[in-house]
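The structure under discussion appears below in the form of structure tokens.
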Amino acid sequence: MGFGQFLAAPELKLTIVTYRDIFQNSALEVSRFDEKYEELSAIIKLDPNDISKLVIKDGETVTVKSGAEKVVVKAQISGYEEKHEGVAYMVNSPWSNALISDNTHGTGVPSFKNFEVVVQSAKGEKVTGIKEIF
Amino acid sequence: MTDNYYVCPGCALLCDDIEVETEDNKITKMYTACMKGVARMKGCSSPLECTVEQEAADVDASIEKAAAILKDAKNPLIFGHGNSSSEAQKVAIEIAKRTGAYIDDTSSFCQGPIIEAILQEKLKTCTLDDVRDKADVTVFWGADPANSHPRHLSRYSYFPRGKERQRGWEEDRTLITVDIRKSDTSEIAGNSGFFQIPIKGDAEFMNALVDGLSSKVPKTSFNFDKKKILELSNTLKKAKFGVIGVGLGLLYSLEELEPLFALMDKLNSVSNFHIIPMVGQYNMRGFNHNLFEETGYINRVKFDIESGQAKHGAEYSVVEALKERSVDAALVIGSDPLSSLPLPVARYLADIPLIDIDPCQNLTATKANVTIPCALGGVESGGTAVRMDGVEIELKQIVETDKLSDKEVLTRIMEAL
Amino acid sequence: MASVMEIYQLLPKTNCKECGKTTCMAFAVDLLARKFSADDCPPLVNEEKYKENYDKLSGMFTPVAGVSETGLIVHTEKCTGCGNCVVACPVDVAADPQGAGSGRAPTTDKVIFKVVDGVVTANNVQECRRFGENIILCVACIDTCPTKAIEFV
């Protein structure tokens, strides 16, 4: 049993920006209940330095929390040339929408593309299934 | 244009040069459509079943039940419409009127403000055909058409030869992207055409451009290279026919549209610029036009059941109405709000009597009291739709189906009311 | 794909000029550009001591699936069918100015690129500017691809 197991995995506060991905969108057209849609949707793209801070490896799962809601998704290195520590990217999907607050200040427009979350390693946990989000 | 071209309902570009091969009323092969269009037109792997209370039912029973839910409700919501034909949308508006319903579509939390400003003639616009024939400077702002509208660049805005653009993109056109990240579209624009701004930096960057266009020093709190802003200002100023494709990245970042109005005013005093909203769903703009014609509002409407008068405002938007629990039943057509709305409001929607009309199984259907499958628009049924630039396009039916079209389903619900 | 140096290391490095080139390095460059094949180097083909290298080089340059004579590869798993290459290709523009060249569906089979089932396919590659005697190292289809799905090897 390693000593690391007794340490709580570090938490990281990040800003999420959502985006569109044609491969994920095409998978949705085929079926949102297929594995492929989950594989292309339930991901968070992180700056390599944020991956280090979370003490995780590319491809491992993380818990993403926002208020009372949370989902488990796969962490990936974003691959952007520019550094973006503190900002992570999620493709527009039920997984990202699960984390968006309904606090719109009466405008009718939720903050789909810019919201705060807390991310933590979920080592060994499975990605939240689409039907488990609810 | 040959007779065997069809229109793709994959997005609001409504590409009308698609050839198909069919077998047993299924599309088996497609030419010229992008990956997204192919995925849409070949159809989903899990079609929606006809159900009442999650048990298999026939269409008659489900239509009866749907009508009963709407009749019992005091304040029903009719939502979706972006993937419906204009003909179906008009019936949906009638149903909303008859039942005193809230009626809204996805534009409520997406391109609505831009389309409203265009219909109210507050923003200058043009057609995509104008873009192909004339545009020499195209700016995608907070938009990534390489992922959202794959053929935008190849069909209209960058690569094609057009009437006044005969020399090819290297010489005749300039592509600019303004974004907070280097998108796939930005990769094509190259380093000289990509302007990376910070999150929420859009309004300030617009103001800085106005300064640049006014020969003032363009200052930003994020210290954007002034020389680069001045270069961009100069490119925009020299444009003969400029276009700005407005994406959700820009819209969600602006608290109000004023900075965009100011930039467009300035651009049009020194140059010639047009706005095109980067509409996603194939007929979202059609819904906005149809409701506008009927009520003077493009979305976020509640009809008074007695007078038929339309009330309009943020409080009638799908998100506010659900959040405030003002809605007591909902009919959803051609949309999956349980996937696309923030979870807290989606949860409330799942709890109230819910009707889902769609060709495909979706999350909303898993929580619906009634599900009614309809034909896939643009493939199994025809109809009219409005392209992202406001041009009306006729969609032809390609294959036969036993399913009712979206218009037929709604008409039958209307009759049952 | 191998670099020019890696290819050079597998050649006899004798500068015998039998292939018509003045140096083995020049031959390596042309081999990489697919203007020559390993069979164009007589010592490599005929001398037993080079057999292993000959096999390696031939293996490197056998037309793997999907590679055309110009070395054009479409990585179909990356292609989104956007059609940028269809419209940007100068050969397509010349062959079909009103169709492909204007952003519309190709109206002739003479074009190089067509999108079939959402993925680009390359035909008539002998018309590609990278083919034949006086090649031009045209990059129109590569530079315009948003997902880097096209490559020349």
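Residues in the structure tokens are numbered from 1 in each chain, the chains being A, B, ... in the order shown, and ligands are numbered from 1 in the order shown.
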May I have a table of the residues of chain B lying at most 9 Å from chain A, giving each one's closest pair of atoms and their distance in Å to one decimal, counting only C-alpha atoms, ordered by chain and ascending residue number, as a tab-separated table?
residue	atom	partner	partner_atom	distance
B:Met35	CA	A:Ser26	CA	6.8
B:Lys36	CA	A:Ser26	CA	5.0
B:Gly37	CA	A:Ser26	CA	8.2
B:Val38	CA	A:Ser26	CA	8.3
B:Ala39	CA	A:Ser26	CA	5.5
B:Arg40	CA	A:Glu29	CA	5.5
B:Met41	CA	A:Glu29	CA	8.9
B:Lys42	CA	A:Val30	CA	8.5
B:Gly43	CA	A:Val30	CA	6.7
B:Cys44	CA	A:Val30	CA	4.2
B:Ser45	CA	A:Val30	CA	5.5
B:Ser46	CA	A:Ser31	CA	6.2
B:Pro47	CA	A:Ser31	CA	8.8
B:Ser108	CA	A:Gly108	CA	7.1
B:Phe109	CA	A:Val109	CA	4.8
B:Cys110	CA	A:Val109	CA	7.8
B:Asp144	CA	A:Arg20	CA	7.7
B:Ala146	CA	A:Ile22	CA	7.9
B:Asn147	CA	A:Ile22	CA	4.6
B:Ser148	CA	A:Arg20	CA	6.4
B:His149	CA	A:Ile22	CA	8.7
B:Pro150	CA	A:Ile22	CA	8.1
B:Arg181	CA	A:Tyr80	CA	8.1
B:Lys182	CA	A:Tyr80	CA	7.3
B:Ile199	CA	A:Asn114	CA	7.9
B:Lys200	CA	A:Asn114	CA	8.8
B:Leu248	CA	A:Lys113	CA	8.4
B:Gly249	CA	A:Lys113	CA	7.1
B:Tyr252	CA	A:Lys113	CA	6.9
B:Ser253	CA	A:Lys113	CA	8.3
B:Ala314	CA	A:Gly108	CA	5.6
B:Glu315	CA	A:Gly106	CA	7.2
B:Tyr316	CA	A:Gly108	CA	8.4
B:Ser317	CA	A:Gly108	CA	5.7
B:Val318	CA	A:Gly108	CA	7.2
B:Val319	CA	A:Gly108	CA	5.3
B:Glu320	CA	A:Gly108	CA	5.4
B:Ala321	CA	A:Gly108	CA	8.6
B:Lys323	CA	A:Asp102	CA	7.1
B:Leu338	CA	A:Pro94	CA	7.7
B:Ser339	CA	A:Pro94	CA	4.7
B:Ser340	CA	A:Pro94	CA	6.2
B:Leu341	CA	A:Asn97	CA	6.2
B:Pro342	CA	A:Asn97	CA	4.9
B:Leu343	CA	A:Ala98	CA	4.6
B:Pro344	CA	A:Asp102	CA	6.3
B:Val345	CA	A:Asp102	CA	6.6
B:Ala346	CA	A:Phe134	CA	8.7
B:Arg347	CA	A:Phe134	CA	7.1
B:Cys360	CA	A:Ser31	CA	8.0
B:Gln361	CA	A:Ser31	CA	7.7
B:Asn362	CA	A:Arg32	CA	6.8
B:Leu363	CA	A:Lys131	CA	7.6
B:Thr366	CA	A:Lys131	CA	8.7
Export N, CA and C atoms of the chosen residues as a short mmCIF file (atom, residue, chain, number, x, y, z; two decimals), in the first residue's frame?
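As written to disk, result.cif reads:
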data_model
loop_
_atom_site.label_atom_id
_atom_site.label_comp_id
_atom_site.auth_asym_id
_atom_site.auth_seq_id
_atom_site.Cartn_x
_atom_site.Cartn_y
_atom_site.Cartn_z
N MET B 35 -19.09 15.40 -43.26
CA MET B 35 -19.29 14.32 -42.29
C MET B 35 -20.54 14.51 -41.43
N LYS B 36 -20.78 15.77 -41.05
CA LYS B 36 -21.92 16.07 -40.19
C LYS B 36 -23.24 15.83 -40.95
N GLY B 37 -23.26 16.29 -42.20
CA GLY B 37 -24.45 16.10 -43.02
C GLY B 37 -24.72 14.64 -43.29
N VAL B 38 -23.65 13.88 -43.54
CA VAL B 38 -23.80 12.45 -43.80
C VAL B 38 -24.40 11.77 -42.57
N ALA B 39 -23.86 12.12 -41.39
CA ALA B 39 -24.36 11.50 -40.16
C ALA B 39 -25.85 11.81 -39.98
N ARG B 40 -26.25 13.05 -40.27
CA ARG B 40 -27.66 13.41 -40.14
C ARG B 40 -28.53 12.68 -41.16
N MET B 41 -28.10 12.74 -42.42
CA MET B 41 -28.99 12.26 -43.49
C MET B 41 -29.08 10.74 -43.56
N LYS B 42 -28.02 10.06 -43.16
CA LYS B 42 -28.09 8.60 -43.17
C LYS B 42 -28.96 8.08 -42.04
N GLY B 43 -29.27 8.95 -41.10
CA GLY B 43 -30.22 8.59 -40.05
C GLY B 43 -29.54 8.00 -38.83
N CYS B 44 -30.24 8.07 -37.70
CA CYS B 44 -29.65 7.62 -36.44
C CYS B 44 -29.81 6.11 -36.29
N SER B 45 -29.00 5.55 -35.38
CA SER B 45 -29.06 4.10 -35.18
C SER B 45 -30.17 3.72 -34.21
N SER B 46 -30.66 4.68 -33.41
CA SER B 46 -31.74 4.35 -32.48
C SER B 46 -32.93 5.28 -32.69
N PRO B 47 -33.85 4.88 -33.57
CA PRO B 47 -35.01 5.71 -33.83
C PRO B 47 -35.93 5.79 -32.60
N SER B 108 -33.28 31.34 -28.11
CA SER B 108 -33.47 32.02 -26.83
C SER B 108 -32.17 32.08 -26.03
N PHE B 109 -31.35 31.03 -26.17
CA PHE B 109 -30.05 31.08 -25.49
C PHE B 109 -28.92 30.90 -26.48
N CYS B 110 -29.18 31.35 -27.72
CA CYS B 110 -28.07 31.32 -28.69
C CYS B 110 -28.15 32.50 -29.63
N ASP B 144 -16.28 28.79 -34.97
CA ASP B 144 -15.32 27.82 -35.51
C ASP B 144 -16.02 26.98 -36.57
N ALA B 146 -15.12 25.38 -39.03
CA ALA B 146 -14.52 24.09 -39.39
C ALA B 146 -15.18 22.96 -38.60
N ASN B 147 -15.69 23.27 -37.42
CA ASN B 147 -16.39 22.26 -36.62
C ASN B 147 -17.91 22.40 -36.65
N SER B 148 -18.41 23.64 -36.74
CA SER B 148 -19.85 23.83 -36.64
C SER B 148 -20.54 23.87 -38.01
N HIS B 149 -19.87 24.44 -39.00
CA HIS B 149 -20.44 24.59 -40.34
C HIS B 149 -19.35 24.24 -41.36
N PRO B 150 -19.08 22.94 -41.49
CA PRO B 150 -17.85 22.51 -42.18
C PRO B 150 -17.66 23.10 -43.58
N ARG B 181 -9.24 30.81 -28.27
CA ARG B 181 -8.34 29.67 -28.43
C ARG B 181 -8.09 29.48 -29.92
N LYS B 182 -7.02 28.77 -30.24
CA LYS B 182 -6.69 28.56 -31.64
C LYS B 182 -7.54 27.40 -32.17
N ILE B 199 -10.67 35.49 -22.36
CA ILE B 199 -12.08 35.24 -22.08
C ILE B 199 -12.74 36.56 -21.67
N LYS B 200 -13.90 36.83 -22.22
CA LYS B 200 -14.66 38.06 -21.93
C LYS B 200 -13.97 39.31 -22.46
N LEU B 248 -21.24 31.85 -31.22
CA LEU B 248 -21.70 31.86 -29.82
C LEU B 248 -20.62 32.36 -28.88
N GLY B 249 -19.37 32.16 -29.26
CA GLY B 249 -18.27 32.64 -28.42
C GLY B 249 -18.37 34.13 -28.22
N TYR B 252 -22.05 34.97 -26.26
CA TYR B 252 -22.09 34.67 -24.83
C TYR B 252 -21.18 35.60 -24.03
N SER B 253 -20.22 36.19 -24.72
CA SER B 253 -19.27 37.05 -24.02
C SER B 253 -19.80 38.47 -23.84
N ALA B 314 -37.82 38.28 -21.27
CA ALA B 314 -36.91 37.25 -20.74
C ALA B 314 -37.65 36.26 -19.85
N GLU B 315 -38.69 36.75 -19.14
CA GLU B 315 -39.40 35.85 -18.23
C GLU B 315 -40.16 34.76 -18.99
N TYR B 316 -40.35 34.95 -20.29
CA TYR B 316 -41.03 33.92 -21.09
C TYR B 316 -40.02 33.02 -21.82
N SER B 317 -38.75 33.22 -21.54
CA SER B 317 -37.74 32.36 -22.18
C SER B 317 -37.81 30.97 -21.56
N VAL B 318 -37.39 29.98 -22.31
CA VAL B 318 -37.47 28.60 -21.84
C VAL B 318 -36.74 28.43 -20.51
N VAL B 319 -35.56 29.05 -20.40
CA VAL B 319 -34.76 28.87 -19.18
C VAL B 319 -35.44 29.51 -17.97
N GLU B 320 -35.90 30.76 -18.10
CA GLU B 320 -36.54 31.44 -16.96
C GLU B 320 -37.86 30.78 -16.60
N ALA B 321 -38.64 30.43 -17.63
CA ALA B 321 -39.95 29.83 -17.36
C ALA B 321 -39.81 28.52 -16.60
N LYS B 323 -37.08 27.64 -14.80
CA LYS B 323 -36.42 27.93 -13.53
C LYS B 323 -37.43 28.44 -12.51
N LEU B 338 -33.13 18.16 -22.56
CA LEU B 338 -32.52 17.49 -21.41
C LEU B 338 -31.01 17.33 -21.61
N SER B 339 -30.57 17.34 -22.86
CA SER B 339 -29.13 17.34 -23.15
C SER B 339 -28.56 18.74 -23.15
N SER B 340 -29.34 19.71 -23.60
CA SER B 340 -28.75 21.01 -23.91
C SER B 340 -29.00 22.10 -22.87
N LEU B 341 -29.89 21.85 -21.91
CA LEU B 341 -30.14 22.88 -20.89
C LEU B 341 -29.28 22.61 -19.66
N PRO B 342 -29.04 23.63 -18.86
CA PRO B 342 -28.35 23.40 -17.59
C PRO B 342 -29.15 22.38 -16.77
N LEU B 343 -28.43 21.52 -16.08
CA LEU B 343 -29.07 20.39 -15.40
C LEU B 343 -30.23 20.79 -14.45
N PRO B 344 -30.08 21.86 -13.65
CA PRO B 344 -31.19 22.18 -12.72
C PRO B 344 -32.52 22.44 -13.46
N VAL B 345 -32.49 23.16 -14.57
CA VAL B 345 -33.74 23.40 -15.29
C VAL B 345 -34.17 22.17 -16.07
N ALA B 346 -33.20 21.41 -16.56
CA ALA B 346 -33.53 20.18 -17.28
C ALA B 346 -34.24 19.20 -16.34
N ARG B 347 -33.80 19.18 -15.06
CA ARG B 347 -34.42 18.27 -14.08
C ARG B 347 -35.89 18.63 -13.89
N CYS B 360 -35.46 10.59 -33.60
CA CYS B 360 -34.48 9.75 -32.91
C CYS B 360 -34.68 9.72 -31.41
N GLN B 361 -34.24 8.61 -30.83
CA GLN B 361 -34.22 8.47 -29.38
C GLN B 361 -33.27 9.52 -28.80
N ASN B 362 -33.70 10.22 -27.75
CA ASN B 362 -32.81 11.19 -27.11
C ASN B 362 -33.06 11.20 -25.61
N LEU B 363 -32.31 12.03 -24.90
CA LEU B 363 -32.44 12.05 -23.43
C LEU B 363 -33.82 12.50 -23.00
N THR B 366 -36.30 9.78 -22.81
CA THR B 366 -36.19 8.82 -21.70
C THR B 366 -37.00 9.28 -20.48
#
(message) List as a PyMOL selection string the protein and nucleic acid residues near C:Ala94, meaning an atom at most 10 Å away when only C-alpha atoms are counted, but skip any in the same chain fewer than 6 places from it.
(response) chain C and resi 100-101+110-111
Taking C-alpha atoms for each residue, export the selection above as a short mmCIF file (atom, residue, chain, number, x, y, z; two decimals), in the first residue's frame.
data_model
loop_
_atom_site.label_atom_id
_atom_site.label_comp_id
_atom_site.auth_asym_id
_atom_site.auth_seq_id
_atom_site.Cartn_x
_atom_site.Cartn_y
_atom_site.Cartn_z
CA ALA C 100 -15.82 22.55 -57.59
CA GLY C 101 -13.96 25.81 -58.21
CA LYS C 110 -11.90 15.27 -64.06
CA VAL C 111 -11.44 16.77 -60.61
#
Near stretch 41-56 of chain C, counting only C-alpha atoms, which residues have an atom at most 10 Å away, once you skip same-chain residues fewer than 3 positions from it, shown as a PDB file with C-alpha atoms, in the first residue's frame?
ATOM      1  CA  ILE C   7      17.468   6.699 -46.831  1.00  0.00           C
ATOM      2  CA  GLN C   9      22.411   5.480 -45.025  1.00  0.00           C
ATOM      3  CA  LEU C  10      20.797   2.524 -46.771  1.00  0.00           C
ATOM      4  CA  LEU C  11      22.283   3.373 -50.182  1.00  0.00           C
ATOM      5  CA  PRO C  12      25.729   2.138 -51.364  1.00  0.00           C
ATOM      6  CA  THR C  14      29.660   5.120 -53.625  1.00  0.00           C
ATOM      7  CA  CYS C  16      28.748   5.557 -58.823  1.00  0.00           C
ATOM      8  CA  LYS C  17      26.350   7.659 -60.934  1.00  0.00           C
ATOM      9  CA  GLU C  18      24.812   4.562 -62.546  1.00  0.00           C
ATOM     10  CA  CYS C  19      21.358   5.858 -61.727  1.00  0.00           C
ATOM     11  CA  GLY C  20      22.050   9.044 -63.618  1.00  0.00           C
ATOM     12  CA  LYS C  21      22.423  11.167 -60.509  1.00  0.00           C
ATOM     13  CA  CYS C  24      23.822   8.981 -53.713  1.00  0.00           C
ATOM     14  CA  PHE C  27      19.319   9.889 -55.438  1.00  0.00           C
ATOM     15  CA  PHE C  36      12.889   7.149 -58.276  1.00  0.00           C
ATOM     16  CA  SER C  37      12.366   3.754 -56.739  1.00  0.00           C
ATOM     17  CA  ALA C  38      14.924   1.463 -55.103  1.00  0.00           C
ATOM     18  CA  GLY C  59       9.509  -1.867 -48.120  1.00  0.00           C
ATOM     19  CA  MET C  60       9.575   1.819 -47.283  1.00  0.00           C
ATOM     20  CA  PHE C  61       8.332   2.810 -50.669  1.00  0.00           C
TER      21      PHE C  61
END
(request) Go through B:Asp389, B:Met278, B:Arg161, B:Ser271 and flag the residue nearest B:Pro145, using only C-alpha atoms for the distances. (result)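 Selected residue with least distance to B:Pro145: B:Met278.
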(request) Could you tell me which of C:Ser102, C:Thr76, C:Asn124, C:Ser58 comes closest to chain B if we count only C-alpha atoms? (result) C:Ser102
(request) Tell me which protein, DNA and RNA residues are within 8 Å of stretch 126-143 of chain C, counting only C-alpha atoms, leaving out same-chain ones fewer than 6 positions away, and put them as a PyMOL selection string. (result) (chain B and resi 188) or (chain C and resi 69-70+84-86+88-91+112+149-151)
